[in-house]
Each structure stands twice: as C-alpha cells, then as structure tokens.
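**Student:** The structure under discussion is supplied below as structure tokens; questions concerning it will follow.
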Amino acid sequence: MIEKTLVLLKPCTLQRGLVGEVIKRFEQKGFHLCGMKMMLLDDAILSEHYAHLASKPFFQRVKDSMMAAPVIAMCWEGVDAVEAVRKLTGVTNGRKAEPGTIRGDFSMSFQENIVHASDSAESAAVELARFFKPEEIFTWKQAYFDFLYANDEF
C-alpha cells in the first residue's frame, strides 16, 4: 500500500553538512518527495512530539538538541513507506546501526542520530499533521513511477 511518512533531518545533520547525502539516500531508494521545509522547532512542538519521553531524565536534553539549529521536515511517499524508511534509517543507536543504513553510515550516537522517522502509519499521520499544513504536502506523479514498482504492488 502506498503510504506517506514523516522524516526530520535533525540539527546534527545540518551542522555536519549531511543534508544532501541523506536526502540522496531516500531519492535513490525510490521514495517520492511530497513535502519539505526548514523550520526552527520550539519547546511547545517538541513537548508534543516527544510527549512519550516526558518522564525520562533525558527529555530536556532531547528537546535542547532539537532546538540547537533548524530541522528539515520532509514527507516521503512509497509502498510500505513507514517500514521501508525505518529500515533505511537503521536502528536508533547509531553505534548499533548496520553499515549501509543512514544511521549506520553517519551516526555514532543514540541521540544525535541524524533523522527522526515515524514508527507506524498512525504516528506518521499525526506527525505529518504536526509539521505540515495540508497545502504543504503535494500530490504529483514522477515520470519514472511506473518503473519503481510492478503494477500489482500498489
């Protein structure tokens, strides 16, 4: 099934000059870019986004890290996009991520791990609505779409 999912390029990605390299990975895999913007996150949006971590001792540190520089929010689309994006990004801890994944190739940290990616179709819908207005996500067909999938895969 074709899905949309959220990916955030974290401040560490911008600070390290890895934006192009990371976006290239998603494009080369065949994901379809439907929305992208740079933004500075504030405490309110981060408290909502990371509410599941509110009781953790590192909660404020995570928020501080995400406010250190802008992020790039992106909406990517593809067949089973949520699962496929998470496989491409690798496990959360960059030291444990497999070589060939984004985190495995570019991260040595649990926190400064290059990207945030939605973990389910349900959270993707919530997170996309948190970071994008409906008119900021575009529907368009790439010329090579018919060469990405067999016609019975979507």
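By convention here, the chains of the structure tokens are called A, B, ... in the order presented, each chain's residues are numbered starting at 1, and ligands are numbered starting at 1 in the order presented.
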Kindly provide the residues of region 46-147 of chain A that approach region 14-27 of chain A to within 9 Å, each paired with its closest atom pair and their distance in Å to one decimal, based on only C-alpha atoms, listed by chain and increasing number, as JSON lines.
**Tutor:**
```
{"residue": "A:Ala69", "atom": "CA", "partner": "A:Gln15", "partner_atom": "CA", "distance": 7.6}
{"residue": "A:Pro70", "atom": "CA", "partner": "A:Leu14", "partner_atom": "CA", "distance": 7.5}
{"residue": "A:Val71", "atom": "CA", "partner": "A:Leu14", "partner_atom": "CA", "distance": 7.4}
{"residue": "A:Ile72", "atom": "CA", "partner": "A:Leu14", "partner_atom": "CA", "distance": 8.4}
{"residue": "A:Trp76", "atom": "CA", "partner": "A:Phe26", "partner_atom": "CA", "distance": 8.2}
{"residue": "A:Val85", "atom": "CA", "partner": "A:Phe26", "partner_atom": "CA", "distance": 7.9}
{"residue": "A:Leu88", "atom": "CA", "partner": "A:Phe26", "partner_atom": "CA", "distance": 8.0}
{"residue": "A:Ile102", "atom": "CA", "partner": "A:Val22", "partner_atom": "CA", "distance": 6.9}
{"residue": "A:Phe106", "atom": "CA", "partner": "A:Leu18", "partner_atom": "CA", "distance": 8.3}
{"residue": "A:Ile114", "atom": "CA", "partner": "A:Val22", "partner_atom": "CA", "distance": 8.5}
{"residue": "A:Val115", "atom": "CA", "partner": "A:Val22", "partner_atom": "CA", "distance": 8.8}
```
**Student:** Please produce a file of those selected residues containing all heavy atoms, as a compact mmCIF listing (two decimals), in the first residue's frame.
**Tutor:**
```
# COMPACT_ATOMS: atom_id res chain seq x y z
N ALA A 69 19.58 24.01 16.18
CA ALA A 69 19.67 24.53 14.81
C ALA A 69 18.35 24.15 14.13
O ALA A 69 17.56 23.40 14.71
CB ALA A 69 20.86 23.93 14.06
N PRO A 70 18.12 24.63 12.93
CA PRO A 70 16.89 24.22 12.24
C PRO A 70 16.87 22.72 11.95
O PRO A 70 17.91 22.05 11.99
CB PRO A 70 16.93 25.00 10.91
CG PRO A 70 17.89 26.12 11.15
CD PRO A 70 18.88 25.60 12.15
N VAL A 71 15.69 22.22 11.65
CA VAL A 71 15.50 20.87 11.14
C VAL A 71 14.92 20.99 9.74
O VAL A 71 14.42 22.05 9.35
CB VAL A 71 14.55 20.02 12.02
CG1 VAL A 71 15.08 19.89 13.44
CG2 VAL A 71 13.13 20.56 12.01
N ILE A 72 14.99 19.92 8.99
CA ILE A 72 14.30 19.86 7.71
C ILE A 72 13.25 18.77 7.83
O ILE A 72 13.58 17.61 8.09
CB ILE A 72 15.27 19.59 6.54
CG1 ILE A 72 16.23 20.77 6.42
CG2 ILE A 72 14.49 19.36 5.24
CD1 ILE A 72 17.27 20.63 5.35
N TRP A 76 7.73 11.81 2.79
CA TRP A 76 8.12 10.86 1.74
C TRP A 76 6.98 9.88 1.54
O TRP A 76 6.30 9.49 2.50
CB TRP A 76 9.39 10.11 2.13
CG TRP A 76 10.61 10.96 2.16
CD1 TRP A 76 11.19 11.55 3.25
CD2 TRP A 76 11.42 11.35 1.04
NE1 TRP A 76 12.31 12.25 2.89
CE2 TRP A 76 12.47 12.15 1.53
CE3 TRP A 76 11.36 11.09 -0.33
CZ2 TRP A 76 13.45 12.69 0.71
CZ3 TRP A 76 12.33 11.62 -1.16
CH2 TRP A 76 13.37 12.42 -0.63
N VAL A 85 11.23 3.19 5.18
CA VAL A 85 12.06 4.32 5.64
C VAL A 85 12.80 3.93 6.91
O VAL A 85 13.99 4.19 7.05
CB VAL A 85 11.20 5.59 5.86
CG1 VAL A 85 11.93 6.61 6.73
CG2 VAL A 85 10.84 6.22 4.52
N LEU A 88 15.71 1.79 6.11
CA LEU A 88 16.77 2.58 5.50
C LEU A 88 17.51 3.44 6.54
O LEU A 88 18.72 3.61 6.46
CB LEU A 88 16.20 3.48 4.40
CG LEU A 88 17.19 4.33 3.62
CD1 LEU A 88 18.20 3.48 2.86
CD2 LEU A 88 16.42 5.23 2.64
N ILE A 102 21.39 4.79 7.03
CA ILE A 102 21.75 6.20 7.24
C ILE A 102 22.45 6.37 8.58
O ILE A 102 23.53 6.96 8.66
CB ILE A 102 20.50 7.09 7.11
CG1 ILE A 102 20.04 7.11 5.64
CG2 ILE A 102 20.78 8.51 7.62
CD1 ILE A 102 18.67 7.73 5.41
N PHE A 106 26.40 7.31 9.21
CA PHE A 106 26.65 8.71 9.57
C PHE A 106 26.53 9.03 11.06
O PHE A 106 26.72 10.18 11.44
CB PHE A 106 25.68 9.63 8.81
CG PHE A 106 25.79 9.56 7.32
CD1 PHE A 106 24.70 9.21 6.55
CD2 PHE A 106 26.99 9.85 6.67
CE1 PHE A 106 24.80 9.15 5.16
CE2 PHE A 106 27.10 9.79 5.30
CZ PHE A 106 26.00 9.44 4.54
N ILE A 114 20.93 11.65 13.37
CA ILE A 114 20.71 12.12 12.01
C ILE A 114 19.25 12.36 11.65
O ILE A 114 18.90 13.42 11.14
CB ILE A 114 21.36 11.18 10.95
CG1 ILE A 114 22.83 10.92 11.29
CG2 ILE A 114 21.18 11.71 9.54
CD1 ILE A 114 23.70 12.16 11.34
N VAL A 115 18.36 11.40 11.90
CA VAL A 115 16.97 11.52 11.44
C VAL A 115 15.98 11.06 12.50
O VAL A 115 16.30 10.23 13.36
CB VAL A 115 16.71 10.68 10.16
CG1 VAL A 115 17.53 11.16 9.01
CG2 VAL A 115 16.93 9.21 10.39
```
**Student:** Identify all residues of region 34-144 of chain A in helix (DSSP H, G or I) (DSSP on the backbone) and supply them as a PyMOL selection string.
**Tutor:** chain A and resi 43-49+51-53+59-66+81-89+102-106+121-131+134-136
**Student:** Name the residues in contact with Glu122 (chain A) at a cut-off of 12 Å, using only C-alpha atoms, excluding same-chain residues fewer than 2 positions from it; report them as a ChimeraX atom specification.
**Tutor:** /A:3-6,82,118-120,124-129
**Student:** Quick one: everything within 9 Å of region 36-51 of chain A, counting only C-alpha atoms, minus sequence neighbours fewer than 3 positions away in the same chain. Send it as a ChimeraX atom specification.
**Tutor:** /A:33,54-55,59,62-64,66-76,127,130-132,136-137
